[in-house]
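Chemist: Data: data20.cif, mmCIF, C-alpha atoms.
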```cif
data_protein
loop_
_atom_site.label_atom_id
_atom_site.label_comp_id
_atom_site.auth_asym_id
_atom_site.auth_seq_id
_atom_site.Cartn_x
_atom_site.Cartn_y
_atom_site.Cartn_z
CA MET A 196 96.81 64.82 -76.61
CA THR A 197 97.92 65.35 -72.99
CA ASP A 198 98.67 68.21 -70.63
CA ALA A 199 101.93 68.97 -68.80
CA HIS A 200 101.13 66.27 -66.23
CA GLY A 201 100.43 63.65 -68.88
CA GLN A 202 96.67 63.69 -68.32
CA SER A 203 94.57 63.24 -71.45
CA ILE A 204 91.07 64.41 -72.24
CA PRO A 205 88.47 62.04 -70.66
CA GLU A 206 86.70 59.62 -73.01
CA HIS A 207 83.26 61.15 -72.49
CA ALA A 208 84.68 64.59 -73.27
CA LEU A 209 86.09 63.24 -76.54
CA GLN A 210 82.67 61.83 -77.42
CA ARG A 211 81.07 65.20 -76.69
CA LEU A 212 83.63 67.06 -78.79
CA ALA A 213 83.14 64.64 -81.68
CA GLY A 214 79.48 65.68 -81.91
CA LEU A 215 80.22 69.38 -82.37
CA ARG A 216 79.75 71.22 -85.63
CA SER A 217 83.00 71.55 -87.60
CA GLN A 218 84.26 71.78 -91.15
CA GLY A 219 84.31 68.02 -91.44
CA HIS A 220 81.12 67.52 -89.47
CA PRO A 221 78.52 70.03 -90.74
CA ASP A 222 75.57 68.13 -89.29
CA GLY A 223 76.83 68.51 -85.70
CA ILE A 224 75.73 71.21 -83.28
CA PHE A 225 77.58 73.99 -81.49
CA THR A 226 77.32 74.66 -77.76
CA SER A 227 78.11 77.91 -75.97
CA ASP A 228 77.39 79.88 -72.83
CA PHE A 229 76.91 83.06 -74.87
CA SER A 230 73.89 85.22 -74.35
CA VAL A 231 71.92 86.01 -77.51
CA ASN A 232 73.70 89.36 -77.87
CA GLU A 233 77.11 87.78 -77.38
CA PHE A 234 76.35 85.08 -79.93
CA LEU A 235 75.30 87.61 -82.56
CA LEU A 236 78.26 89.94 -81.96
CA VAL A 237 80.81 87.10 -82.06
CA ARG A 238 79.35 86.09 -85.42
CA LYS A 239 79.37 89.72 -86.55
CA ALA A 240 83.07 89.82 -85.67
CA GLY A 241 83.66 87.02 -88.18
CA PHE A 242 83.82 84.07 -85.77
CA GLU A 243 81.62 81.04 -85.22
CA PRO A 244 81.11 79.30 -81.86
CA VAL A 245 82.16 75.65 -81.86
CA GLY A 246 81.60 74.36 -78.36
CA LEU A 247 82.04 74.74 -74.64
CA CYS A 248 85.58 74.05 -73.42
CA VAL A 249 86.07 72.86 -69.85
CA GLY A 250 89.12 72.21 -67.71
CA SER A 251 89.10 70.92 -64.13
CA CYS A 252 91.73 70.38 -61.46
CA ILE A 253 91.21 69.14 -57.91
CA TYR A 254 94.24 70.14 -55.89
CA HIS A 255 95.51 69.38 -52.39
CA LEU A 256 97.23 72.38 -50.83
CA GLY A 257 100.42 71.99 -48.86
CA PHE A 258 101.26 73.52 -45.49
CA GLN A 259 103.53 76.43 -44.66
CA PHE A 260 104.27 77.84 -41.24
CA ALA A 261 104.05 81.61 -40.74
CA SER A 262 105.33 83.47 -37.70
CA TRP A 263 102.56 85.04 -35.59
CA GLY A 264 104.02 88.54 -35.90
CA SER A 265 105.46 88.46 -39.44
CA ASN A 266 104.23 89.86 -42.74
CA MET A 267 105.30 87.33 -45.36
CA GLU A 268 104.25 85.64 -48.57
CA LEU A 269 103.30 81.99 -48.19
CA ASP A 270 105.03 80.87 -51.36
CA VAL A 271 103.95 77.23 -50.98
CA LEU A 272 100.30 78.31 -51.17
CA SER A 273 100.98 80.93 -53.86
CA THR A 274 102.54 78.27 -56.06
CA ALA A 275 99.71 75.82 -55.41
CA MET A 276 96.96 78.32 -56.26
CA TYR A 277 98.72 79.38 -59.45
CA GLU A 278 99.60 75.87 -60.64
CA ALA A 279 96.09 74.50 -60.05
CA ARG A 280 94.51 77.33 -62.06
CA ALA A 281 97.10 76.89 -64.81
CA LEU A 282 96.30 73.16 -65.05
CA ALA A 283 92.56 73.83 -65.33
CA MET A 284 93.15 76.41 -68.07
CA GLU A 285 95.57 74.15 -69.92
CA ARG A 286 93.00 71.35 -70.00
CA MET A 287 90.37 73.79 -71.22
CA ARG A 288 92.75 74.82 -74.00
CA LEU A 289 93.35 71.15 -74.88
CA GLU A 290 89.62 70.75 -75.51
CA ALA A 291 89.67 73.88 -77.69
CA ALA A 292 92.56 72.49 -79.73
CA GLN A 293 90.76 69.14 -80.05
CA MET A 294 87.68 70.84 -81.53
CA GLY A 295 89.83 72.91 -83.91
CA ALA A 296 89.04 76.26 -82.28
CA ASP A 297 91.14 79.37 -82.89
CA GLY A 298 90.48 80.59 -79.37
CA ILE A 299 88.23 80.71 -76.33
CA VAL A 300 85.98 83.65 -75.46
CA GLY A 301 84.27 84.45 -72.15
CA VAL A 302 86.50 82.29 -69.94
CA ARG A 303 85.36 81.97 -66.33
CA LEU A 304 87.78 80.66 -63.71
CA THR A 305 86.26 79.53 -60.42
CA VAL A 306 87.59 78.08 -57.18
CA LYS A 307 85.46 75.99 -54.83
CA ARG A 308 86.34 74.35 -51.53
CA LEU A 309 85.21 70.73 -51.36
CA GLU A 310 83.71 69.20 -48.25
CA TRP A 311 86.01 66.18 -48.34
CA ASP A 312 88.93 68.05 -46.81
CA ASP A 313 89.61 71.70 -45.94
CA LYS A 314 92.91 71.44 -47.84
CA ILE A 315 91.24 70.38 -51.13
CA LEU A 316 90.02 72.92 -53.70
CA GLU A 317 88.47 72.43 -57.13
CA PHE A 318 89.52 74.77 -59.92
CA VAL A 319 87.31 74.97 -63.02
CA ALA A 320 87.93 76.91 -66.26
CA ILE A 321 85.12 77.15 -68.80
CA GLY A 322 84.56 79.19 -71.96
CA THR A 323 83.31 78.96 -75.54
CA GLY A 324 85.66 77.84 -78.30
CA VAL A 325 85.36 79.91 -81.49
CA VAL A 326 86.79 79.61 -84.99
CA HIS A 327 87.28 82.26 -87.65
CA ALA A 328 84.52 81.80 -90.22
CA LYS A 329 86.91 82.31 -93.16
CA GLY A 330 89.79 80.31 -91.71
CA HIS A 331 92.04 83.32 -91.04
CA PRO A 332 95.19 81.93 -89.38
CA GLY A 333 96.26 85.13 -87.62
CA PHE A 334 94.21 84.84 -84.44
CA LYS A 335 95.99 82.01 -82.66
CA GLY A 336 97.64 82.56 -79.30
CA PRO A 337 101.29 81.95 -78.34
CA ASN A 338 102.99 78.97 -80.01
CA GLY A 339 100.03 78.46 -82.34
CA GLN A 340 97.72 77.39 -79.51
CA PRO A 341 94.12 78.69 -79.23
CA PHE A 342 93.98 82.12 -77.64
CA THR A 343 92.24 82.51 -74.29
CA SER A 344 90.17 85.51 -73.27
CA ALA A 345 87.96 86.54 -70.36
CA LEU A 346 86.26 89.14 -72.56
CA SER A 347 82.52 88.95 -73.13
CA GLY A 348 81.21 88.54 -76.67
CA GLN A 349 80.45 92.27 -76.78
CA ASP A 350 83.96 93.26 -75.63
CA PHE A 351 85.49 90.73 -78.03
CA TRP A 352 83.69 92.39 -80.97
CA THR A 353 84.66 95.87 -79.77
CA LEU A 354 88.31 94.87 -79.36
CA LEU A 355 88.49 93.49 -82.90
CA GLN A 356 86.77 96.59 -84.27
CA ALA A 357 89.49 98.70 -82.64
CA GLY A 358 92.22 96.69 -84.36
CA TYR A 359 93.35 94.54 -81.45
CA ARG A 360 93.09 90.82 -80.81
CA PRO A 361 93.14 88.75 -77.61
CA LEU A 362 96.32 86.78 -77.07
CA GLU A 363 96.17 85.02 -73.73
CA MET A 364 94.64 85.20 -70.28
CA VAL A 365 97.38 86.21 -67.88
CA MET A 366 97.34 85.94 -64.11
CA GLY A 367 99.31 86.35 -60.93
CA SER A 368 98.71 84.97 -57.45
CA CYS A 369 100.04 85.91 -54.03
CA VAL A 370 98.99 84.24 -50.77
CA TYR A 371 100.08 86.42 -47.88
CA HIS A 372 100.19 86.17 -44.11
CA VAL A 373 99.34 89.45 -42.40
CA ALA A 374 101.05 89.84 -39.03
CA ARG A 375 98.91 90.13 -35.93
CA ARG A 376 99.13 93.13 -33.66
CA GLY A 377 100.64 92.77 -30.23
CA PRO A 378 98.50 93.40 -27.13
CA ILE A 379 100.24 96.69 -26.31
CA ALA A 380 99.71 98.07 -29.83
CA ALA A 381 96.06 96.98 -29.76
CA ILE A 382 95.41 98.60 -26.37
CA SER A 383 97.19 101.84 -27.33
CA SER A 384 94.83 102.46 -30.25
CA ILE A 385 91.55 101.83 -28.42
CA GLY A 386 89.14 104.68 -29.14
CA GLN A 387 91.51 106.39 -31.59
CA ASN A 388 91.51 107.08 -35.31
CA VAL A 389 94.85 105.65 -36.37
CA GLU A 390 96.18 103.87 -39.45
CA LEU A 391 97.28 100.28 -38.90
CA THR A 392 100.42 100.69 -40.96
CA ASN A 393 101.55 97.06 -40.72
CA PHE A 394 98.20 95.93 -42.17
CA SER A 395 98.26 98.63 -44.87
CA LEU A 396 101.77 97.72 -46.00
CA ALA A 397 101.05 93.98 -45.98
CA LEU A 398 97.95 94.19 -48.17
CA TYR A 399 99.57 96.80 -50.42
CA GLU A 400 102.61 94.59 -51.00
CA ALA A 401 100.55 91.43 -51.61
CA ARG A 402 98.42 93.19 -54.25
CA GLU A 403 101.52 94.55 -55.96
CA ILE A 404 103.13 91.09 -56.10
CA ALA A 405 100.02 89.58 -57.75
CA MET A 406 99.75 92.40 -60.30
CA GLU A 407 103.46 92.31 -61.07
CA ARG A 408 103.26 88.58 -61.84
CA MET A 409 100.29 89.14 -64.16
CA GLN A 410 102.22 91.89 -65.93
CA THR A 411 105.26 89.62 -66.30
CA GLU A 412 103.13 86.92 -67.94
CA ALA A 413 101.78 89.45 -70.44
CA SER A 414 105.31 90.60 -71.28
CA GLN A 415 106.49 87.01 -71.78
CA ALA A 416 103.53 86.36 -74.11
CA GLY A 417 104.62 89.28 -76.31
CA ALA A 418 101.51 91.36 -75.59
CA GLU A 419 101.22 95.12 -75.91
CA GLY A 420 99.02 95.38 -72.82
CA VAL A 421 96.31 93.87 -70.63
CA VAL A 422 92.60 94.76 -70.77
CA GLY A 423 89.80 93.78 -68.41
CA ALA A 424 92.21 93.30 -65.51
CA ASP A 425 90.58 92.35 -62.23
CA LEU A 426 91.93 91.81 -58.73
CA HIS A 427 90.23 89.25 -56.50
CA GLU A 428 90.70 88.78 -52.77
CA GLY A 429 89.74 85.68 -50.81
CA SER A 430 90.72 83.55 -47.84
CA HIS A 431 89.22 80.23 -49.05
CA ASN A 432 88.47 79.39 -45.40
CA TRP A 433 92.13 79.40 -44.47
CA SER A 434 93.36 80.41 -41.04
CA PRO A 435 92.85 84.03 -39.93
CA HIS A 436 95.27 86.61 -41.33
CA VAL A 437 95.93 84.56 -44.50
CA ILE A 438 94.54 86.03 -47.73
CA GLU A 439 95.05 85.48 -51.45
CA PHE A 440 95.29 88.28 -53.98
CA PHE A 441 94.66 87.06 -57.52
CA ALA A 442 95.12 89.30 -60.57
CA ILE A 443 93.77 88.24 -63.97
CA GLY A 444 93.21 89.91 -67.33
CA THR A 445 93.40 89.43 -71.10
CA ALA A 446 96.66 90.22 -72.86
CA VAL A 447 96.12 91.87 -76.26
CA LEU A 448 98.12 92.64 -79.39
CA PRO A 449 97.43 94.90 -82.41
CA ILE A 450 96.13 93.12 -85.51
CA THR A 451 98.77 93.23 -88.22
CA GLY A 452 97.99 95.90 -90.81
CA HIS A 453 95.41 97.72 -88.69
CA GLU A 454 96.21 101.34 -87.83
CA ALA A 455 95.10 103.05 -84.62
CA ASP A 456 93.39 105.75 -86.71
CA ASP A 457 91.00 103.06 -87.96
CA ILE A 458 89.22 102.92 -84.59
CA PRO A 459 85.59 103.90 -85.26
CA ASP A 460 84.10 106.91 -83.50
CA PRO A 461 81.78 106.15 -80.58
CA LYS A 462 78.05 106.41 -81.22
CA LEU A 463 75.25 107.49 -78.91
CA VAL A 464 72.61 104.80 -78.41
CA LEU A 465 69.40 105.49 -76.48
CA SER A 466 67.92 102.35 -74.99
CA VAL A 467 64.13 101.92 -74.89
CA ASN A 468 64.44 99.44 -72.03
CA SER A 469 63.46 100.59 -68.55
#
```
So that I can check it, write out the structure of this file as C-alpha cells.

Modeler:
Amino acid sequence: MTDAHGQSIPEHALQRLAGLRSQGHPDGIFTSDFSVNEFLLVRKAGFEPVGLCVGSCIYHLGFQFASWGSNMELDVLSTAMYEARALAMERMRLEAAQMGADGIVGVRLTVKRLEWDDKILEFVAIGTGVVHAKGHPGFKGPNGQPFTSALSGQDFWTLLQAGYRPLEMVMGSCVYHVARRGPIAAISSIGQNVELTNFSLALYEAREIAMERMQTEASQAGAEGVVGADLHEGSHNWSPHVIEFFAIGTAVLPITGHEADDIPDPKLVLSVNS
C-alpha cells in the first residue's frame, strides 16, 4: 500500500499496526490520544478506537520572487504548503486503512521548521483511528477511504447524535506577499489615525482565497457543509511581508435516514468543578 508518491508505510509502522486490537487480533491493544471523556463518548457513539495514525512529510520549499511594492499570491509557496500537508494526511489515512479503521477522529496537523535549513519544514498529521463497533459500512469517507475529522471525541459524539457524520478534513492555503509602503506614504501618515488600505485589502484577499479553496474541497467531496472551521496565520520565519493563511475544517454529511427533527433538545448541566 503506497501513497501518491509511491511511498509505502515504514516497516516499523507496519509492526506497530500489527499489534493493535482488531477483529482478527482480539488479544492486541488499542492506542489513542483521547482523553478519558473522549474515549468514553466515542464508545458511546458506537465506535471503538483502534490505534494512533501518523503521517509525516519533510518538504523543501521553492523560491518565488515578489516585487517590493506588489500585493500578490506566492503560488509556488501556496502549492508547496498545501501539497506537503496533503501528503502527511494521506500517509496518516494509509495507516488507518491498514488497521481497518472506518475513520480518524481528533486529527492534529502541525508544521515545524527544522534547523537543517530555513527552507525545510516538517508536516505531521496525527489522530486516532476508530471502527464502528457493529461493522456499519456507512461511515466511510470519499471513495470508500477512512473519513478524517478534526473534531474532538465530544464533538464527534454530538455530531452523530444530531444525525450528521464527518466526511473529510478540508483545507485551503494561500501564501501572500503584502506590498511595502513607500517612504512618502509612510511619512504622510506619521502621527495620524489612518487605515492602511493596501495592507487591509491584501490580508482580506489572502484570507478569502484560503477559505474559498477550503469550501471548494468540501463541495468536491459532496459535503453539505463544514464544521469546526479555523483560520491560521503564520510566517514560518519567511522574509518580512510574507504570510500564510491556512483554512481547515471538517466536511459533514447527513446520515441516511436521519431527520433533522430527530436532533435532541439541549440539556442544562451544572458542573461541580471549580

Chemist: Report as a ChimeraX atom specification the residues that result from applying the PyMOL selection byres ((chain A and resi 283) around 10) to the structure here.

Modeler: /A:198,249-253,278-282,284-289,304-305,317-321

Chemist: Using only C-alpha atoms, can you tell me which of A:Ala275, A:Ile438, A:Gly246, A:Ser227 comes closest to A:Gln293?

Modeler: A:Gly246

Chemist: Can you pull out the residues contacting A:Glu428? Cut-off 10 Å, using only C-alpha atoms, and skip same-chain residues under 2 positions away; I want them as a VMD selection string.

Modeler: chain A and resid 369 to 370 402 426 430 to 431 438 to 442

Chemist: May I have the residues from that selection written out with C-alpha atoms, as a PDB file, keeping the file's coordinate frame?

Modeler:
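See again14.pdb below for the written result:
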```
ATOM      1  CA  CYS A 369     100.040  85.910 -54.030  1.00  0.00           C
ATOM      2  CA  VAL A 370      98.990  84.240 -50.770  1.00  0.00           C
ATOM      3  CA  ARG A 402      98.420  93.190 -54.250  1.00  0.00           C
ATOM      4  CA  LEU A 426      91.930  91.810 -58.730  1.00  0.00           C
ATOM      5  CA  SER A 430      90.720  83.550 -47.840  1.00  0.00           C
ATOM      6  CA  HIS A 431      89.220  80.230 -49.050  1.00  0.00           C
ATOM      7  CA  ILE A 438      94.540  86.030 -47.730  1.00  0.00           C
ATOM      8  CA  GLU A 439      95.050  85.480 -51.450  1.00  0.00           C
ATOM      9  CA  PHE A 440      95.290  88.280 -53.980  1.00  0.00           C
ATOM     10  CA  PHE A 441      94.660  87.060 -57.520  1.00  0.00           C
ATOM     11  CA  ALA A 442      95.120  89.300 -60.570  1.00  0.00           C
TER      12      ALA A 442
END
```

Chemist: I'd like to see the residues matched by the PyMOL selection byres ((chain A and resi 263-270) around 6) on this file, and ideally I'd get them as an MDAnalysis selection string.

Modeler: chainID A and resid 262 271:274 370:375

Chemist: With distances taken over all atoms listed in the file, which residue among A:Glu403, A:Glu363, A:Glu412, A:Asp313 lies nearest A:Pro341?

Modeler: A:Glu363

Chemist: Could you pull the residues within 7 Å of stretch 335-338 of chain A, counting all atoms listed in the file, minus those fewer than 4 positions along the same chain, as a ChimeraX atom specification?

Modeler: /A:297-298,342,362-363,416

Chemist: Those residues you just picked out, can you put them in a file as a compact mmCIF listing (two decimals), in the frame of the given file with C-alpha atoms?

Modeler:
```txt
# COMPACT_ATOMS: atom_id res chain seq x y z
CA ASP A 297 91.14 79.37 -82.89
CA GLY A 298 90.48 80.59 -79.37
CA PHE A 342 93.98 82.12 -77.64
CA LEU A 362 96.32 86.78 -77.07
CA GLU A 363 96.17 85.02 -73.73
CA ALA A 416 103.53 86.36 -74.11
```

Chemist: Neighbours of stretch 230-244 of chain A within 8 Å (only C-alpha atoms; same-chain residues fewer than 5 positions away dropped), as a list in words?

Modeler: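 What passes the distance filter is Phe225, Thr323, Gly324, Val325, Val326, His327, Ala328, Lys329, Ser347, Gly348, Gln349, Phe351, Trp352, Leu355 and Gln356 of chain A.
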
Chemist: Which residue, A:Leu448, A:Ala397, A:Leu463, A:Ile443, has the smallest gap to A:Gly417 when you use all atoms listed in the file?

Modeler: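 Looking only at the distances to A:Gly417, the closest residue turns out to be A:Leu448.
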
Chemist: How would you write, as a list in words, the residues chosen by the PyMOL selection byres ((chain A and resi 420) around 6) on this structure?

Modeler: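 So the PyMOL selection byres ((chain A and resi 420) around 6), applied here, picks out Ala418, Glu419, Val421, Ala446 and Val447 of chain A.
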
Chemist: Please output stretch 303-329 of chain A, rebuilt to include N, CA, C and O atoms, as a CSV table (one decimal), in the frame of the given file.

Modeler:
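After the write, part13.csv holds the following:
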```csv
chain,number,residue,atom,x,y,z
A,303,ARG,N,85.6,81.8,-67.8
A,303,ARG,CA,85.4,82.0,-66.3
A,303,ARG,C,86.2,81.0,-65.6
A,303,ARG,O,86.3,79.8,-65.9
A,304,LEU,N,86.9,81.5,-64.5
A,304,LEU,CA,87.8,80.7,-63.7
A,304,LEU,C,87.3,80.7,-62.3
A,304,LEU,O,87.3,81.8,-61.6
A,305,THR,N,86.8,79.6,-61.8
A,305,THR,CA,86.3,79.5,-60.4
A,305,THR,C,87.0,78.6,-59.5
A,305,THR,O,87.7,77.7,-59.9
A,306,VAL,N,86.9,78.9,-58.2
A,306,VAL,CA,87.6,78.1,-57.2
A,306,VAL,C,86.5,77.7,-56.1
A,306,VAL,O,85.8,78.6,-55.7
A,307,LYS,N,86.5,76.4,-55.8
A,307,LYS,CA,85.5,76.0,-54.8
A,307,LYS,C,86.1,75.0,-53.8
A,307,LYS,O,86.8,74.1,-54.2
A,308,ARG,N,85.8,75.3,-52.6
A,308,ARG,CA,86.3,74.4,-51.5
A,308,ARG,C,85.4,73.1,-51.4
A,308,ARG,O,84.2,73.3,-51.3
A,309,LEU,N,86.0,72.0,-51.4
A,309,LEU,CA,85.2,70.7,-51.4
A,309,LEU,C,85.1,70.3,-49.9
A,309,LEU,O,86.0,70.5,-49.1
A,310,GLU,N,84.0,69.6,-49.6
A,310,GLU,CA,83.7,69.2,-48.2
A,310,GLU,C,84.6,68.0,-47.8
A,310,GLU,O,84.6,67.7,-46.6
A,311,TRP,N,85.2,67.4,-48.7
A,311,TRP,CA,86.0,66.2,-48.3
A,311,TRP,C,87.1,66.5,-47.4
A,311,TRP,O,87.4,65.8,-46.4
A,312,ASP,N,87.7,67.7,-47.6
A,312,ASP,CA,88.9,68.0,-46.8
A,312,ASP,C,89.1,69.6,-47.0
A,312,ASP,O,89.0,70.1,-48.1
A,313,ASP,N,89.4,70.2,-45.9
A,313,ASP,CA,89.6,71.7,-45.9
A,313,ASP,C,90.9,72.1,-46.7
A,313,ASP,O,91.1,73.3,-46.9
A,314,LYS,N,91.7,71.1,-47.1
A,314,LYS,CA,92.9,71.4,-47.8
A,314,LYS,C,92.7,71.1,-49.3
A,314,LYS,O,93.7,71.2,-50.1
A,315,ILE,N,91.5,70.7,-49.7
A,315,ILE,CA,91.2,70.4,-51.1
A,315,ILE,C,90.3,71.4,-51.8
A,315,ILE,O,89.3,71.8,-51.3
A,316,LEU,N,90.8,71.9,-52.9
A,316,LEU,CA,90.0,72.9,-53.7
A,316,LEU,C,89.8,72.4,-55.1
A,316,LEU,O,90.7,71.7,-55.7
A,317,GLU,N,88.7,72.7,-55.7
A,317,GLU,CA,88.5,72.4,-57.1
A,317,GLU,C,88.6,73.7,-57.9
A,317,GLU,O,88.0,74.7,-57.6
A,318,PHE,N,89.3,73.6,-59.0
A,318,PHE,CA,89.5,74.8,-59.9
A,318,PHE,C,88.9,74.4,-61.3
A,318,PHE,O,89.2,73.3,-61.8
A,319,VAL,N,88.0,75.2,-61.8
A,319,VAL,CA,87.3,75.0,-63.0
A,319,VAL,C,87.5,76.2,-64.0
A,319,VAL,O,87.2,77.3,-63.6
A,320,ALA,N,87.9,75.9,-65.2
A,320,ALA,CA,87.9,76.9,-66.3
A,320,ALA,C,86.9,76.5,-67.3
A,320,ALA,O,86.9,75.4,-67.8
A,321,ILE,N,86.1,77.5,-67.8
A,321,ILE,CA,85.1,77.2,-68.8
A,321,ILE,C,84.9,78.4,-69.7
A,321,ILE,O,85.0,79.5,-69.2
A,322,GLY,N,84.8,78.1,-71.0
A,322,GLY,CA,84.6,79.2,-72.0
A,322,GLY,C,84.1,78.6,-73.3
A,322,GLY,O,83.9,77.4,-73.4
A,323,THR,N,83.8,79.4,-74.3
A,323,THR,CA,83.3,79.0,-75.5
A,323,THR,C,84.4,79.0,-76.6
A,323,THR,O,85.0,80.1,-76.9
A,324,GLY,N,84.7,77.9,-77.2
A,324,GLY,CA,85.7,77.8,-78.3
A,324,GLY,C,85.1,78.4,-79.6
A,324,GLY,O,83.9,78.1,-79.9
A,325,VAL,N,85.8,79.3,-80.3
A,325,VAL,CA,85.4,79.9,-81.5
A,325,VAL,C,86.4,79.7,-82.6
A,325,VAL,O,87.6,79.5,-82.3
A,326,VAL,N,85.9,79.8,-83.8
A,326,VAL,CA,86.8,79.6,-85.0
A,326,VAL,C,86.5,80.7,-86.0
A,326,VAL,O,85.3,81.1,-86.1
A,327,HIS,N,87.5,81.2,-86.7
A,327,HIS,CA,87.3,82.3,-87.6
A,327,HIS,C,86.5,81.7,-88.8
A,327,HIS,O,86.9,80.6,-89.4
A,328,ALA,N,85.4,82.3,-89.2
A,328,ALA,CA,84.5,81.8,-90.2
A,328,ALA,C,85.2,81.6,-91.6
A,328,ALA,O,84.8,80.7,-92.3
A,329,LYS,N,86.2,82.4,-91.9
A,329,LYS,CA,86.9,82.3,-93.2
A,329,LYS,C,88.3,81.7,-93.0
A,329,LYS,O,89.1,81.7,-94.0
```
